[in-house]
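S.K.: What follows is the file structure28.pdb, containing PDB, C-alpha atoms:
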ATOM      1  CA  MET A 549      18.127 -87.407  68.785
ATOM      2  CA  LYS A 550      19.497 -88.328  72.213
ATOM      3  CA  LEU A 551      19.125 -92.063  71.449
ATOM      4  CA  ILE A 552      21.017 -91.656  68.174
ATOM      5  CA  LEU A 553      23.900 -89.958  69.992
ATOM      6  CA  ILE A 554      23.994 -92.702  72.624
ATOM      7  CA  TRP A 555      23.968 -95.319  69.842
ATOM      8  CA  LEU A 556      26.772 -93.594  67.911
ATOM      9  CA  LYS A 557      28.899 -93.276  71.041
ATOM     10  CA  ASN A 558      28.524 -97.009  71.668
ATOM     11  CA  TRP A 559      29.102 -97.867  68.008
ATOM     12  CA  ILE A 560      32.407 -95.977  68.080
ATOM     13  CA  LYS A 561      33.437 -97.896  71.223
ATOM     14  CA  TYR A 562      32.077-101.315  70.170
ATOM     15  CA  PRO A 563      31.527-101.444  66.379
ATOM     16  CA  LEU A 564      31.573-105.248  66.116
ATOM     17  CA  VAL A 565      29.211-105.667  69.059
ATOM     18  CA  LEU A 566      26.612-103.278  67.628
ATOM     19  CA  GLY A 567      27.083-104.298  64.017
ATOM     20  CA  ALA A 568      25.194-101.301  62.557
ATOM     21  CA  VAL A 569      26.025 -97.621  62.385
ATOM     22  CA  LEU A 570      22.482 -96.650  63.436
ATOM     23  CA  PRO A 571      19.638 -98.404  65.256
ATOM     24  CA  THR A 572      17.328-100.524  63.110
ATOM     25  CA  GLN A 573      14.844 -98.324  61.272
ATOM     26  CA  LYS A 574      11.074 -98.872  61.080
ATOM     27  CA  PHE A 575      11.028-100.752  57.747
ATOM     28  CA  ALA A 576      13.504-103.391  58.943
ATOM     29  CA  SER A 577      11.912-103.515  62.413
ATOM     30  CA  ASP A 578       8.505-104.184  60.879
ATOM     31  CA  LEU A 579       9.971-107.001  58.738
ATOM     32  CA  MET A 580      11.567-108.526  61.839
ATOM     33  CA  ALA A 581       8.189-108.522  63.621
ATOM     34  CA  SER A 582       6.142-109.521  60.564
ATOM     35  CA  GLU A 583       5.133-112.959  61.882
ATOM     36  CA  VAL A 584       4.245-111.879  65.396
ATOM     37  CA  ASP A 585       0.581-112.640  66.058
ATOM     38  CA  GLY A 586      -1.806-113.631  68.826
ATOM     39  CA  LYS A 587      -0.863-117.335  68.577
ATOM     40  CA  ILE A 588       2.663-116.622  69.766
ATOM     41  CA  ASN A 589       3.138-116.853  73.523
ATOM     42  CA  THR A 590       6.863-116.377  74.022
ATOM     43  CA  VAL A 591       8.920-113.835  72.087
ATOM     44  CA  VAL A 592      12.590-113.300  72.914
ATOM     45  CA  GLU A 593      14.522-110.439  71.374
ATOM     46  CA  LEU A 594      18.275-111.014  71.425
ATOM     47  CA  GLY A 595      20.348-107.830  71.258
ATOM     48  CA  ALA A 596      17.371-105.535  71.817
ATOM     49  CA  GLY A 597      19.509-102.392  71.535
ATOM     50  CA  THR A 598      17.467 -99.271  72.208
ATOM     51  CA  GLY A 599      14.104-100.868  71.398
ATOM     52  CA  GLN A 600      13.267-100.076  67.786
ATOM     53  CA  ILE A 601      12.407-103.685  66.902
ATOM     54  CA  THR A 602      10.717-104.012  70.298
ATOM     55  CA  ASN A 603       8.290-101.244  69.295
ATOM     56  CA  SER A 604       7.351-103.156  66.131
ATOM     57  CA  ILE A 605       6.809-106.359  68.135
ATOM     58  CA  LEU A 606       4.502-104.577  70.572
ATOM     59  CA  LYS A 607       2.502-103.002  67.731
ATOM     60  CA  LYS A 608       1.690-106.544  66.561
ATOM     61  CA  GLY A 609      -0.202-107.214  69.800
ATOM     62  CA  ILE A 610       2.255-108.965  72.115
ATOM     63  CA  LYS A 611       1.723-107.807  75.693
ATOM     64  CA  GLU A 612       4.743-105.991  77.062
ATOM     65  CA  GLU A 613       4.894-108.255  80.115
ATOM     66  CA  ASN A 614       5.156-111.301  77.795
ATOM     67  CA  LEU A 615       8.169-109.898  75.989
ATOM     68  CA  ILE A 616      11.668-111.007  76.979
ATOM     69  CA  LEU A 617      14.529-108.702  75.975
ATOM     70  CA  VAL A 618      18.220-109.570  76.207
ATOM     71  CA  GLU A 619      20.825-106.806  75.957
ATOM     72  CA  ILE A 620      24.393-106.979  77.249
ATOM     73  CA  ASN A 621      25.069-103.228  76.944
ATOM     74  CA  GLU A 622      24.219-101.648  80.324
ATOM     75  CA  GLU A 623      23.433 -98.238  78.831
ATOM     76  CA  PHE A 624      21.005 -99.794  76.335
ATOM     77  CA  SER A 625      19.468-101.987  79.057
ATOM     78  CA  LYS A 626      18.672 -98.880  81.099
ATOM     79  CA  ILE A 627      16.994 -97.290  78.070
ATOM     80  CA  LEU A 628      14.960-100.475  77.551
ATOM     81  CA  LYS A 629      13.893-100.548  81.215
ATOM     82  CA  ASP A 630      12.726 -96.918  80.965
ATOM     83  CA  LYS A 631      10.868 -97.473  77.657
ATOM     84  CA  PHE A 632       9.397-100.892  78.458
ATOM     85  CA  PRO A 633       8.945-101.124  82.250
ATOM     86  CA  LYS A 634       6.694-104.213  82.072
ATOM     87  CA  ALA A 635       9.003-106.236  79.806
ATOM     88  CA  GLN A 636      11.346-108.836  81.235
ATOM     89  CA  ILE A 637      14.823-107.455  80.560
ATOM     90  CA  TYR A 638      18.028-109.431  81.029
ATOM     91  CA  SER A 639      21.357-107.587  81.001
ATOM     92  CA  GLU A 640      23.625-110.494  80.205
ATOM     93  CA  ASP A 641      25.313-112.183  77.290
ATOM     94  CA  VAL A 642      23.036-114.149  74.985
ATOM     95  CA  ILE A 643      24.761-117.506  75.432
ATOM     96  CA  THR A 644      24.377-117.393  79.225
ATOM     97  CA  PHE A 645      20.750-116.345  78.810
ATOM     98  CA  LEU A 646      19.989-119.202  76.387
ATOM     99  CA  GLU A 647      21.849-121.770  78.520
ATOM    100  CA  ASN A 648      19.606-120.854  81.462
ATOM    101  CA  PHE A 649      16.352-120.248  79.593
ATOM    102  CA  GLU A 650      14.591-123.559  80.269
ATOM    103  CA  LYS A 651      15.550-123.529  83.985
ATOM    104  CA  ARG A 652      14.331-119.942  84.387
ATOM    105  CA  PHE A 653      11.096-120.113  82.435
ATOM    106  CA  ASN A 654      10.175-123.814  82.172
ATOM    107  CA  LYS A 655       8.896-123.314  78.611
ATOM    108  CA  ARG A 656      10.056-122.997  75.006
ATOM    109  CA  ILE A 657      10.398-119.943  72.767
ATOM    110  CA  ASP A 658       7.940-119.458  69.897
ATOM    111  CA  LEU A 659       9.883-116.676  68.193
ATOM    112  CA  ILE A 660      13.433-115.423  68.563
ATOM    113  CA  ILE A 661      14.152-112.065  66.958
ATOM    114  CA  SER A 662      17.892-111.499  66.777
ATOM    115  CA  GLY A 663      19.759-108.264  66.318
ATOM    116  CA  ILE A 664      23.037-109.954  67.252
ATOM    117  CA  PRO A 665      25.645-109.342  64.519
ATOM    118  CA  LEU A 666      26.361-113.024  63.897
ATOM    119  CA  VAL A 667      28.951-112.308  61.186
ATOM    120  CA  SER A 668      31.176-110.510  63.697
ATOM    121  CA  LEU A 669      31.272-113.485  66.091
ATOM    122  CA  ASN A 670      33.877-116.197  65.807
ATOM    123  CA  LYS A 671      32.579-119.449  64.324
ATOM    124  CA  ASN A 672      32.431-121.405  67.603
ATOM    125  CA  ILE A 673      30.487-118.717  69.442
ATOM    126  CA  ARG A 674      28.146-118.150  66.466
ATOM    127  CA  ASN A 675      27.438-121.887  66.209
ATOM    128  CA  LYS A 676      26.871-122.231  69.956
ATOM    129  CA  LEU A 677      24.490-119.248  70.027
ATOM    130  CA  CYS A 678      22.506-120.630  67.093
ATOM    131  CA  GLU A 679      22.416-124.195  68.461
ATOM    132  CA  LEU A 680      21.226-122.959  71.866
ATOM    133  CA  SER A 681      18.578-120.874  70.121
ATOM    134  CA  VAL A 682      17.283-123.900  68.208
ATOM    135  CA  ASP A 683      17.385-126.061  71.365
ATOM    136  CA  ASN A 684      15.113-123.515  73.086
ATOM    137  CA  LEU A 685      12.592-123.146  70.243
ATOM    138  CA  SER A 686       9.113-124.634  70.533
ATOM    139  CA  GLU A 687       7.923-127.293  68.087
ATOM    140  CA  PHE A 688       7.031-124.700  65.438
ATOM    141  CA  GLY A 689       9.469-122.059  66.667
ATOM    142  CA  LYS A 690      11.106-119.517  64.370
ATOM    143  CA  PHE A 691      14.297-117.485  64.466
ATOM    144  CA  PHE A 692      14.491-114.141  62.646
ATOM    145  CA  GLN A 693      17.919-112.639  61.970
ATOM    146  CA  ILE A 694      18.814-109.211  60.630
ATOM    147  CA  THR A 695      22.012-108.946  58.631
ATOM    148  CA  TYR A 696      23.595-106.445  56.289
ATOM    149  CA  PHE A 697      24.797-109.027  53.783
ATOM    150  CA  ILE A 698      22.694-110.940  51.275
ATOM    151  CA  ARG A 699      24.041-114.235  52.611
ATOM    152  CA  CYS A 700      22.253-115.705  55.626
ATOM    153  CA  SER A 701      24.458-115.335  58.703
ATOM    154  CA  PHE A 702      22.855-118.284  60.529
ATOM    155  CA  PRO A 703      25.401-121.114  60.063
ATOM    156  CA  ASN A 704      24.587-123.684  57.374
ATOM    157  CA  GLU A 705      26.054-126.491  59.493
ATOM    158  CA  VAL A 706      23.521-125.728  62.257
ATOM    159  CA  ILE A 707      20.699-125.596  59.699
ATOM    160  CA  LYS A 708      21.740-129.026  58.361
ATOM    161  CA  LYS A 709      22.348-130.536  61.824
ATOM    162  CA  TYR A 710      18.840-129.611  63.019
ATOM    163  CA  ASN A 711      17.120-130.147  59.649
ATOM    164  CA  LEU A 712      15.948-126.528  59.546
ATOM    165  CA  SER A 713      14.826-124.381  56.647
ATOM    166  CA  LYS A 714      15.852-120.834  55.854
ATOM    167  CA  LYS A 715      14.133-118.167  53.800
ATOM    168  CA  LEU A 716      14.951-114.581  52.927
ATOM    169  CA  LYS A 717      11.968-112.869  54.544
ATOM    170  CA  GLY A 718      12.708-109.494  53.052
ATOM    171  CA  PHE A 719      15.103-106.726  52.181
ATOM    172  CA  THR A 720      14.862-103.047  52.881
ATOM    173  CA  PRO A 721      17.130-100.390  51.401
ATOM    174  CA  PHE A 722      15.536 -97.973  53.894
ATOM    175  CA  ASN A 723      17.854 -98.894  56.724
ATOM    176  CA  VAL A 724      21.406 -97.760  57.495
ATOM    177  CA  PRO A 725      22.977 -99.997  56.330
ATOM    178  CA  PRO A 726      20.388-101.703  54.057
ATOM    179  CA  ALA A 727      19.072-104.814  55.803
ATOM    180  CA  PHE A 728      18.270-108.412  54.889
ATOM    181  CA  ILE A 729      15.886-110.306  57.159
ATOM    182  CA  TRP A 730      16.257-114.092  57.289
ATOM    183  CA  LYS A 731      13.787-116.576  58.754
ATOM    184  CA  ILE A 732      15.089-119.890  60.083
ATOM    185  CA  TYR A 733      12.405-122.388  61.038
ATOM    186  CA  LYS A 734      11.657-126.039  61.820
TER     187      LYS A 734
END
What does the file become when written as structure tokens?

M.R.:
Amino acid sequence: MKLILIWLKNWIKYPLVLGAVLPTQKFASDLMASEVDGKINTVVELGAGTGQITNSILKKGIKEENLILVEINEEFSKILKDKFPKAQIYSEDVITFLENFEKRFNKRIDLIISGIPLVSLNKNIRNKLCELSVDNLSEFGKFFQITYFIRCSFPNEVIKKYNLSKKLKGFTPFNVPPAFIWKIYK
């Protein structure tokens, strides 16, 4: 209950930054983590919030110390550090994180799981975030995006520019609000 109250307080202060009235529920979290398996080395969760999707990722067998979480909200970052002490947690904006990823880690990302509300970002920032994400993906890397609209929020011009594919991975009405999960892949 305490996490819900913290979430609601932050949603009231920053509704466009959070994007959802409540944290992602289990059904949507499980869809977001549905392609996590033992072949994946590097998983980055953008906008990790209070860790609901993170729990689903870990249940799929990724070691906590191999998980990279990015969350700009300091209060949420503290919650993540308490819940996932072995995870690598970065309290910074996603664009800065992605711009520095290769220098920091000297590797590519196999799977990006994004809780960033792309539809609330201006077009230039949304495109830059998505382009940087694609630039950091491994050869067979994938990007999963949660949205609350049936239309994919990953920009079509970025999909065309990088010759990517997109697929509606799933829909769950058991989320507040109901959630659509999109997969963008090479």

S.K.: Show me a table, sorted first by chain and then by increasing residue number, of the residues of range 621-691 of chain A having an atom at most 12 Å from range 702-723 of chain A, each with its shortest atom pair and the distance in Å to one decimal, counting only C-alpha atoms and written as JSON lines.

M.R.:
{"residue": "A:Ser662", "atom": "CA", "partner": "A:Phe702", "partner_atom": "CA", "distance": 10.5}
{"residue": "A:Gly663", "atom": "CA", "partner": "A:Phe702", "partner_atom": "CA", "distance": 12.0}
{"residue": "A:Ile664", "atom": "CA", "partner": "A:Phe702", "partner_atom": "CA", "distance": 10.7}
{"residue": "A:Pro665", "atom": "CA", "partner": "A:Phe702", "partner_atom": "CA", "distance": 10.2}
{"residue": "A:Leu666", "atom": "CA", "partner": "A:Phe702", "partner_atom": "CA", "distance": 7.2}
{"residue": "A:Val667", "atom": "CA", "partner": "A:Phe702", "partner_atom": "CA", "distance": 8.6}
{"residue": "A:Ser668", "atom": "CA", "partner": "A:Phe702", "partner_atom": "CA", "distance": 11.8}
{"residue": "A:Leu669", "atom": "CA", "partner": "A:Phe702", "partner_atom": "CA", "distance": 11.2}
{"residue": "A:Asn670", "atom": "CA", "partner": "A:Pro703", "partner_atom": "CA", "distance": 11.4}
{"residue": "A:Lys671", "atom": "CA", "partner": "A:Pro703", "partner_atom": "CA", "distance": 8.5}
{"residue": "A:Asn672", "atom": "CA", "partner": "A:Pro703", "partner_atom": "CA", "distance": 10.3}
{"residue": "A:Ile673", "atom": "CA", "partner": "A:Pro703", "partner_atom": "CA", "distance": 10.9}
{"residue": "A:Arg674", "atom": "CA", "partner": "A:Pro703", "partner_atom": "CA", "distance": 7.6}
{"residue": "A:Asn675", "atom": "CA", "partner": "A:Pro703", "partner_atom": "CA", "distance": 6.5}
{"residue": "A:Lys676", "atom": "CA", "partner": "A:Val706", "partner_atom": "CA", "distance": 9.1}
{"residue": "A:Leu677", "atom": "CA", "partner": "A:Phe702", "partner_atom": "CA", "distance": 9.7}
{"residue": "A:Cys678", "atom": "CA", "partner": "A:Phe702", "partner_atom": "CA", "distance": 7.0}
{"residue": "A:Glu679", "atom": "CA", "partner": "A:Val706", "partner_atom": "CA", "distance": 6.5}
{"residue": "A:Leu680", "atom": "CA", "partner": "A:Val706", "partner_atom": "CA", "distance": 10.3}
{"residue": "A:Ser681", "atom": "CA", "partner": "A:Val706", "partner_atom": "CA", "distance": 10.5}
{"residue": "A:Val682", "atom": "CA", "partner": "A:Tyr710", "partner_atom": "CA", "distance": 7.9}
{"residue": "A:Asp683", "atom": "CA", "partner": "A:Tyr710", "partner_atom": "CA", "distance": 9.2}
{"residue": "A:Leu685", "atom": "CA", "partner": "A:Tyr710", "partner_atom": "CA", "distance": 11.5}
{"residue": "A:Glu687", "atom": "CA", "partner": "A:Leu712", "partner_atom": "CA", "distance": 11.7}
{"residue": "A:Phe688", "atom": "CA", "partner": "A:Leu712", "partner_atom": "CA", "distance": 10.8}
{"residue": "A:Gly689", "atom": "CA", "partner": "A:Leu712", "partner_atom": "CA", "distance": 10.6}
{"residue": "A:Lys690", "atom": "CA", "partner": "A:Leu712", "partner_atom": "CA", "distance": 9.8}
{"residue": "A:Phe691", "atom": "CA", "partner": "A:Lys714", "partner_atom": "CA", "distance": 9.4}

S.K.: Expand the PyMOL selection byres ((chain A and resi 604) around 9) into the explicit residue set it covers here, and present it as a PyMOL selection string.

M.R.: chain A and resi 574+577-582+599-603+605-608

S.K.: Please tell me which residues are no farther than 12 Å from (-0.2, -108.1, 79.4) in the file, counting all atoms listed in the file, and write them as a ChimeraX atom specification.

M.R.: /A:589,606,609-615,633-636

S.K.: Go ahead and write the residues just picked, C-alpha atoms, as a PDB file, keeping the file's coordinate frame.

M.R.:
ATOM      1  CA  ASN A 589       3.138-116.853  73.523  1.00  0.00           C
ATOM      2  CA  LEU A 606       4.502-104.577  70.572  1.00  0.00           C
ATOM      3  CA  GLY A 609      -0.202-107.214  69.800  1.00  0.00           C
ATOM      4  CA  ILE A 610       2.255-108.965  72.115  1.00  0.00           C
ATOM      5  CA  LYS A 611       1.723-107.807  75.693  1.00  0.00           C
ATOM      6  CA  GLU A 612       4.743-105.991  77.062  1.00  0.00           C
ATOM      7  CA  GLU A 613       4.894-108.255  80.115  1.00  0.00           C
ATOM      8  CA  ASN A 614       5.156-111.301  77.795  1.00  0.00           C
ATOM      9  CA  LEU A 615       8.169-109.898  75.989  1.00  0.00           C
ATOM     10  CA  PRO A 633       8.945-101.124  82.250  1.00  0.00           C
ATOM     11  CA  LYS A 634       6.694-104.213  82.072  1.00  0.00           C
ATOM     12  CA  ALA A 635       9.003-106.236  79.806  1.00  0.00           C
ATOM     13  CA  GLN A 636      11.346-108.836  81.235  1.00  0.00           C
TER      14      GLN A 636
END

S.K.: Between CA of Glu593 in chain A and CA of Tyr638 in chain A, measure the distance and give it in Å to one decimal.

M.R.: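 Straight-line distance from CA of Glu593 in chain A to CA of Tyr638 in chain A works out to 10.3 Å.
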
S.K.: Give me, please, the distance in Å between CA of Leu617 in chain A and CA of Ile637 in chain A, quoted to one decimal.

M.R.: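 CA of Leu617 in chain A sits 4.8 Å away from CA of Ile637 in chain A.
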
S.K.: Could you please determine the separation between CA of Arg652 in chain A and CA of Glu640 in chain A in Å, to one decimal place?

M.R.: 13.9 Å

S.K.: Quick one: of A:Tyr696, A:Tyr733, A:Phe632, A:Phe624, who's nearest to Asp658 in chain A, counting only C-alpha atoms?

M.R.: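 Once distances to Asp658 in chain A are computed over only C-alpha atoms, the minimum belongs to A:Tyr733.
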
S.K.: What are the centre and the three edge lengths of an axis-aligned box that wraps all atoms of range 641-652 of chain A in the file, given that 5 Å is added to every side, written as JSON and rounded to one decimal in Å?

M.R.:
{"center_x": 19.8, "center_y": -117.9, "center_z": 79.7, "size_x": 21.0, "size_y": 21.4, "size_z": 19.4}
